[in-house]
>>> print(open('input.csv').read())   # CSV, C-alpha atoms
chain,number,residue,atom,x,y,z
A,1,MET,CA,-33.0,-8.4,7.3
A,2,GLU,CA,-32.7,-9.5,11.0
A,3,ASN,CA,-33.7,-7.1,13.7
A,4,GLU,CA,-31.4,-4.2,14.5
A,5,GLY,CA,-30.0,-5.8,17.6
A,6,ASP,CA,-28.3,-8.5,15.5
A,7,ILE,CA,-26.2,-6.1,13.5
A,8,LYS,CA,-22.7,-5.6,14.7
A,9,LYS,CA,-20.0,-3.2,13.7
A,10,PHE,CA,-17.2,-4.9,11.9
A,11,MET,CA,-13.9,-3.1,11.0
A,12,TYR,CA,-11.3,-4.6,8.8
A,13,VAL,CA,-7.9,-3.0,9.6
A,14,ASN,CA,-5.5,-3.0,6.7
A,15,ARG,CA,-1.8,-2.1,7.4
A,16,LYS,CA,0.2,-3.9,4.7
A,17,ALA,CA,1.1,-2.9,1.2
A,18,PRO,CA,-0.3,-5.0,-1.7
A,19,TYR,CA,1.7,-7.7,-3.6
A,20,GLY,CA,4.7,-7.9,-1.2
A,21,THR,CA,2.7,-10.0,1.1
A,22,ILE,CA,-0.7,-11.8,0.8
A,23,TYR,CA,-2.4,-9.9,3.6
A,24,ALA,CA,-4.1,-7.3,1.4
A,25,LEU,CA,-5.6,-9.8,-0.9
A,26,GLU,CA,-6.7,-12.1,2.0
A,27,SER,CA,-8.4,-9.1,3.7
A,28,LEU,CA,-10.3,-8.4,0.5
A,29,GLU,CA,-11.4,-12.0,0.3
A,30,VAL,CA,-12.7,-12.0,3.9
A,31,VAL,CA,-14.4,-8.7,3.4
A,32,LEU,CA,-16.3,-10.0,0.4
A,33,ILE,CA,-17.3,-13.2,2.2
A,34,GLY,CA,-18.4,-11.1,5.2
A,35,ALA,CA,-20.5,-8.9,3.0
A,36,ALA,CA,-23.0,-11.7,2.8
A,37,PHE,CA,-23.9,-11.3,6.4
A,38,ASP,CA,-25.6,-7.9,6.4
A,39,GLN,CA,-23.4,-6.4,9.1
A,40,ASP,CA,-22.2,-2.8,9.6
A,41,VAL,CA,-18.9,-3.1,7.8
A,42,SER,CA,-16.1,-0.5,7.5
A,43,LEU,CA,-12.5,-0.8,6.3
A,44,ALA,CA,-9.6,1.1,7.7
A,45,PHE,CA,-6.4,1.8,5.8
A,46,LEU,CA,-3.4,2.9,7.8
A,47,ASP,CA,0.4,2.5,7.7
A,48,ASP,CA,1.4,0.7,4.5
A,49,GLY,CA,-2.2,-0.3,4.0
A,50,VAL,CA,-2.9,3.1,2.3
A,51,TYR,CA,-0.8,1.8,-0.6
A,52,GLN,CA,-3.6,-0.8,-1.4
A,53,LEU,CA,-5.8,2.0,-2.8
A,54,THR,CA,-3.3,3.7,-5.1
A,55,LYS,CA,-4.6,4.3,-8.6
A,56,GLY,CA,-3.0,3.0,-11.8
A,57,GLN,CA,-1.8,-0.4,-10.5
A,58,ASP,CA,-0.5,-2.5,-13.4
A,59,THR,CA,0.8,-5.9,-12.4
A,60,LYS,CA,1.2,-7.5,-15.8
A,61,ASP,CA,5.0,-7.5,-15.5
A,62,ILE,CA,5.1,-9.1,-12.0
A,63,GLY,CA,2.9,-12.1,-12.8
A,64,MET,CA,0.4,-11.4,-10.1
A,65,LYS,CA,-3.3,-10.6,-10.2
A,66,ASN,CA,-4.2,-6.9,-10.0
A,67,PHE,CA,-6.9,-6.9,-7.4
A,68,SER,CA,-7.2,-3.2,-7.0
A,69,PRO,CA,-10.3,-2.9,-9.3
A,70,ILE,CA,-12.2,-4.9,-6.6
A,71,TYR,CA,-12.1,-2.0,-4.2
A,72,LYS,CA,-14.3,-0.1,-6.7
A,73,VAL,CA,-17.1,-2.6,-6.5
A,74,LEU,CA,-17.3,-2.8,-2.7
A,75,GLY,CA,-20.1,-0.2,-2.8
A,76,ASP,CA,-22.3,-2.8,-4.6
A,77,TYR,CA,-21.9,-5.0,-1.5
A,78,ASP,CA,-23.0,-2.1,0.8
A,79,ILE,CA,-19.5,-1.5,1.9
A,80,ASN,CA,-19.1,2.2,1.6
A,81,LYS,CA,-17.0,3.3,4.6
A,82,LEU,CA,-13.3,3.2,3.6
A,83,TYR,CA,-11.4,5.2,6.3
A,84,VAL,CA,-7.9,6.2,5.2
A,85,GLU,CA,-5.6,7.7,7.8
A,86,LYS,CA,-4.3,11.1,6.9
A,87,GLU,CA,-1.0,10.8,8.8
A,88,SER,CA,-0.1,7.5,6.9
A,89,LEU,CA,-0.8,9.2,3.5
A,90,GLU,CA,1.4,12.2,4.5
A,91,ALA,CA,4.4,10.1,5.7
A,92,ARG,CA,4.3,8.4,2.2
A,93,GLY,CA,4.1,11.6,0.2
A,94,LEU,CA,0.5,10.6,-0.9
A,95,THR,CA,-2.7,12.6,-1.2
A,96,LEU,CA,-6.3,11.6,-1.9
A,97,ASP,CA,-5.5,12.3,-5.6
A,98,ASP,CA,-3.1,9.4,-5.6
A,99,LEU,CA,-5.9,7.0,-4.6
A,100,GLN,CA,-8.5,5.4,-6.8
A,101,GLU,CA,-11.9,7.1,-7.0
A,102,ILE,CA,-14.2,4.7,-5.1
A,103,THR,CA,-17.9,5.5,-4.9
A,104,TYR,CA,-21.3,4.0,-3.8
A,105,GLU,CA,-24.9,4.8,-4.6
A,106,ASP,CA,-26.7,6.0,-1.5
A,107,GLU,CA,-30.1,4.3,-1.4
A,108,ASP,CA,-31.3,6.8,1.3
A,109,ASP,CA,-30.5,9.7,-0.9
A,110,ASP,CA,-32.1,8.9,-4.3
A,111,TRP,CA,-29.2,6.6,-5.2
A,112,GLU,CA,-26.8,9.6,-5.4
A,113,GLU,CA,-23.2,8.6,-6.1
A,114,LYS,CA,-21.0,9.5,-3.2
A,115,PRO,CA,-17.3,8.9,-2.3
A,116,SER,CA,-16.6,5.8,-0.2
A,117,ILE,CA,-13.1,7.0,0.8
A,118,ARG,CA,-13.0,9.2,3.9
A,119,VAL,CA,-9.7,10.6,4.9
A,120,VAL,CA,-9.6,10.7,8.7
A,121,SER,CA,-7.0,11.8,11.3
A,122,ALA,CA,-5.3,9.3,13.7
A,123,ASP,CA,-7.5,10.8,16.4
A,124,GLU,CA,-10.7,10.1,14.5
A,125,LEU,CA,-9.5,6.6,13.6
A,126,ARG,CA,-8.9,5.9,17.2
A,127,ASP,CA,-12.5,6.7,18.0
A,128,LEU,CA,-13.8,4.7,15.1
A,129,MET,CA,-11.9,1.7,16.2
A,130,ASP,CA,-13.1,2.1,19.7
A,131,GLU,CA,-16.8,1.9,18.7
A,132,GLN,CA,-16.5,-1.4,16.9
A,133,ASP,CA,-17.9,-4.7,18.1
A,134,VAL,CA,-15.4,-6.7,16.0
A,135,VAL,CA,-12.0,-5.7,14.7
A,136,LEU,CA,-10.2,-7.9,12.1
A,137,SER,CA,-6.6,-7.2,11.4
A,138,PHE,CA,-4.6,-7.7,8.2
B,1,MET,CA,35.2,-4.5,-5.0
B,2,ALA,CA,31.8,-3.0,-5.6
B,3,MET,CA,28.8,-4.7,-4.0
B,4,LEU,CA,25.2,-4.7,-5.2
B,5,HIS,CA,22.8,-4.5,-2.3
B,6,THR,CA,19.2,-5.5,-2.7
B,7,VAL,CA,16.3,-4.4,-0.5
B,8,ASN,CA,12.7,-5.8,-0.9
B,9,LYS,CA,10.9,-4.6,2.2
B,10,SER,CA,8.9,-1.4,2.7
B,11,PRO,CA,11.0,1.2,4.6
B,12,PHE,CA,7.9,2.0,6.6
B,13,GLU,CA,7.4,-1.5,7.8
B,14,ASN,CA,10.8,-2.7,8.9
B,15,ARG,CA,14.4,-1.5,9.2
B,16,SER,CA,16.0,-3.3,6.2
B,17,LEU,CA,16.6,-0.2,4.2
B,18,ASP,CA,18.1,1.6,7.2
B,19,SER,CA,20.3,-1.3,8.0
B,20,CYS,CA,21.5,-1.5,4.4
B,21,LEU,CA,22.1,2.2,3.9
B,22,GLY,CA,24.1,2.4,7.2
B,23,ARG,CA,26.5,-0.3,6.1
B,24,ILE,CA,27.3,0.3,2.4
B,25,LYS,CA,30.7,1.3,1.1
B,26,ASP,CA,31.2,4.3,-1.2
B,27,GLY,CA,30.6,3.2,-4.8
B,28,ALA,CA,28.2,0.4,-3.9
B,29,ALA,CA,24.9,0.0,-5.7
B,30,VAL,CA,21.5,-0.4,-4.1
B,31,LEU,CA,18.5,-1.9,-5.9
B,32,LEU,CA,15.0,-1.4,-4.4
B,33,PHE,CA,12.4,-3.9,-5.5
B,34,GLU,CA,9.1,-5.4,-4.3
B,35,ASP,CA,7.8,-3.4,-1.4
B,36,ALA,CA,11.1,-1.5,-1.1
B,37,VAL,CA,10.2,0.5,-4.2
B,38,TYR,CA,8.1,2.8,-1.9
B,39,GLY,CA,11.5,4.0,-0.6
B,40,ALA,CA,12.3,5.4,-4.0
B,41,MET,CA,9.4,7.9,-4.1
B,42,LYS,CA,9.5,11.7,-3.7
B,43,GLY,CA,8.0,13.3,-0.7
B,44,THR,CA,8.1,10.4,1.8
B,45,ALA,CA,9.4,10.4,5.3
B,46,VAL,CA,12.4,8.4,4.2
B,47,ALA,CA,13.3,10.3,1.1
B,48,GLY,CA,16.0,12.3,2.9
B,49,LYS,CA,17.9,9.2,3.9
B,50,VAL,CA,17.8,7.7,0.5
B,51,GLN,CA,19.0,11.0,-1.0
B,52,SER,CA,22.0,11.1,1.3
B,53,ALA,CA,22.9,7.6,0.4
B,54,MET,CA,22.8,8.6,-3.3
B,55,GLU,CA,25.7,11.0,-2.7
B,56,LYS,CA,28.1,8.1,-2.3
B,57,SER,CA,26.3,5.2,-4.1
B,58,LYS,CA,24.0,4.5,-7.0
B,59,VAL,CA,20.4,3.7,-6.3
B,60,TYR,CA,18.2,1.7,-8.7
B,61,VAL,CA,14.5,0.7,-8.5
B,62,LEU,CA,12.7,-2.1,-10.4
B,63,GLY,CA,10.2,-0.7,-12.8
B,64,PRO,CA,7.7,-3.6,-12.9
B,65,ASP,CA,7.4,-3.5,-9.1
B,66,LEU,CA,6.7,0.3,-9.3
B,67,ARG,CA,4.0,-0.1,-11.9
B,68,ALA,CA,2.4,-3.0,-10.1
B,69,ARG,CA,1.9,-0.6,-7.1
B,70,GLY,CA,0.6,2.3,-9.1
B,71,MET,CA,3.8,4.3,-8.4
B,72,SER,CA,4.6,6.6,-11.3
B,73,GLU,CA,8.2,7.0,-12.6
B,74,ASP,CA,7.7,10.7,-12.5
B,75,GLN,CA,7.5,10.5,-8.7
B,76,VAL,CA,10.7,8.6,-8.3
B,77,LEU,CA,13.5,10.7,-6.6
B,78,ASP,CA,15.7,12.4,-9.1
B,79,GLY,CA,18.9,10.4,-9.6
B,80,ILE,CA,17.4,7.0,-9.0
B,81,ASN,CA,17.6,4.8,-12.2
B,82,VAL,CA,14.5,2.7,-13.1
B,83,VAL,CA,15.6,-0.7,-14.4
B,84,ASP,CA,13.7,-3.7,-15.7
B,85,TYR,CA,14.4,-7.4,-15.1
B,86,GLY,CA,17.2,-7.3,-17.7
B,87,GLY,CA,18.7,-4.4,-15.9
B,88,PHE,CA,18.5,-6.3,-12.6
B,89,VAL,CA,20.5,-9.1,-14.2
B,90,ASP,CA,23.0,-6.6,-15.6
B,91,LEU,CA,23.5,-5.1,-12.2
B,92,VAL,CA,24.2,-8.6,-10.7
B,93,THR,CA,26.7,-9.4,-13.4
B,94,GLU,CA,28.4,-6.0,-13.2
B,95,HIS,CA,29.1,-6.2,-9.5
B,96,ASP,CA,31.5,-8.5,-7.6
B,97,ASN,CA,28.9,-9.7,-5.1
B,98,VAL,CA,25.3,-9.3,-4.1
B,99,GLN,CA,24.1,-8.8,-0.6
B,100,ALA,CA,20.3,-9.2,0.0
B,101,TRP,CA,18.9,-7.3,2.9
B,102,LEU,CA,15.8,-9.4,3.6
>>> encode(input="input.csv", output="structure tokens")
Amino acid sequence: MENEGDIKKFMYVNRKAPYGTIYALESLEVVLIGAAFDQDVSLAFLDDGVYQLTKGQDTKDIGMKNFSPIYKVLGDYDINKLYVEKESLEARGLTLDDLQEITYEDEDDDWEEKPSIRVVSADELRDLMDEQDVVLSF
Amino acid sequence: MAMLHTVNKSPFENRSLDSCLGRIKDGAAVLLFEDAVYGAMKGTAVAGKVQSAMEKSKVYVLGPDLRARGMSEDQVLDGINVVDYGGFVDLVTEHDNVQAWL
């Protein structure tokens, strides 16, 4: 690993529903490419972006690839901060229970399995966005 | 002359559903598909508008698009009919005209 000074905070901001447009899949592709660079990566899901994480997606009848299982392996790429905005969930009648269970193994805590999704308020998300070095929007 | 209106955009992302619901005649049908299926779900910020529209018109939602998005049929607003692609075609043939609210 490079020295600490070279690590920047990257946030990928996801605001679109999956399948209706290509944004959600493109974001995921860029996140996976970016994972190779050992940066401090987080993903934010707000507005219709919260729909990307719903459980039980089954695309066999619409002829598109179901990419939702990929979110579950992000932990293996050291991407374990998935911030989901509470207000966006609420406006859509969703709760954490409607989302996939996404976990990672914490290497600093005897590889204990921990949840990657953190539900945050709009206020908290504002602060998180403010502390980033790079924000990429999808 | 009954019209079938189709909406395919998320009601949280743009105003297509609003524009549609504000301009339909009594007895018209509205089919929600692609990202518009989110408008058919219970407990959302737009559920009230959709329910009022259902007093005067029929609302349908496309099942394959619901399932793709992980939306369960149990969570669809009462009174909305879930249809498959065959049902979509039937709706088109049963109505005099189709208006797509892109």
>>> atom_distance(input="input.csv", atom1="CA of Leu21 in chain B", atom2="CA of Trp101 in chain B")
10.1 Å
>>> interface_residues(input="input.csv", of="chain B", to="chain A", cutoff="9 Å", atoms="only C-alpha atoms", output="number ranges by chain")
B: 8-10, 12-13, 34-35, 38-39, 41-46, 63-72
>>> atom_distance(input="input.csv", atom1="CA of Lys86 in chain A", atom2="CA of Val7 in chain B")
26.8 Å
>>> atom_distance(input="input.csv", atom1="CA of Ala44 in chain A", atom2="CA of Tyr83 in chain A")
4.7 Å
>>> axis_aligned_box(input="input.csv", around="range 13-27 of chain B", padding_each_side="3 Å", output="lines of an AutoDock Vina configuration file")
center_x = 19.3
center_y = 0.5
center_z = 2.2
size_x = 29.8
size_y = 13.6
size_z = 20.0
>>> closest_residue(input="input.csv", among="B:Met3, B:Met54, B:Ala36, B:Leu91", to="Leu77 in chain B", atoms="only C-alpha atoms")
B:Met54
>>> closest_residue(input="input.csv", among="B:Asp84, B:Val98, B:Asp18, B:Glu73", to="Ser52 in chain B", atoms="all atoms listed in the file")
B:Asp18
>>> residues_around(input="input.csv", residues="range 76-80 of chain A", least_positions_apart="4", cutoff="10 Å", atoms="only C-alpha atoms", output="PyMOL selection string")
chain A and resi 31-32+34-36+38-43+71-72+102-107+114-118
>>> closest_residue(input="input.csv", among="B:Glu94, B:Lys56, B:Ala2, B:Ala100", to="Leu31 in chain B", atoms="all atoms listed in the file")
B:Ala100
>>> residues_near_point(input="input.csv", point="(19.8, 7.2, -11.6)", cutoff="8 Å", atoms="all atoms listed in the file", output="list in words")
Lys58, Val59, Tyr60, Asp78, Gly79, Ile80, Asn81 and Val82 of chain B
>>> residues_around(input="input.csv", residues="Glu87 in chain A", least_positions_apart="6", cutoff="9 Å", atoms="all atoms listed in the file", output="mmCIF file with C-alpha atoms, keeping the file's coordinate frame")
data_model
loop_
_atom_site.group_PDB
_atom_site.id
_atom_site.type_symbol
_atom_site.label_atom_id
_atom_site.label_comp_id
_atom_site.auth_asym_id
_atom_site.auth_seq_id
_atom_site.Cartn_x
_atom_site.Cartn_y
_atom_site.Cartn_z
ATOM 1 C CA LEU A 46 -3.400 2.900 7.800
ATOM 2 C CA ASP A 47 0.400 2.500 7.700
ATOM 3 C CA VAL A 120 -9.600 10.700 8.700
ATOM 4 C CA SER A 121 -7.000 11.800 11.300
ATOM 5 C CA ALA A 122 -5.300 9.300 13.700
#
>>> closest_residue(input="input.csv", among="B:Leu4, B:Leu102, B:Val50, B:Ile24", to="Asp90 in chain B", atoms="all atoms listed in the file")
B:Leu4
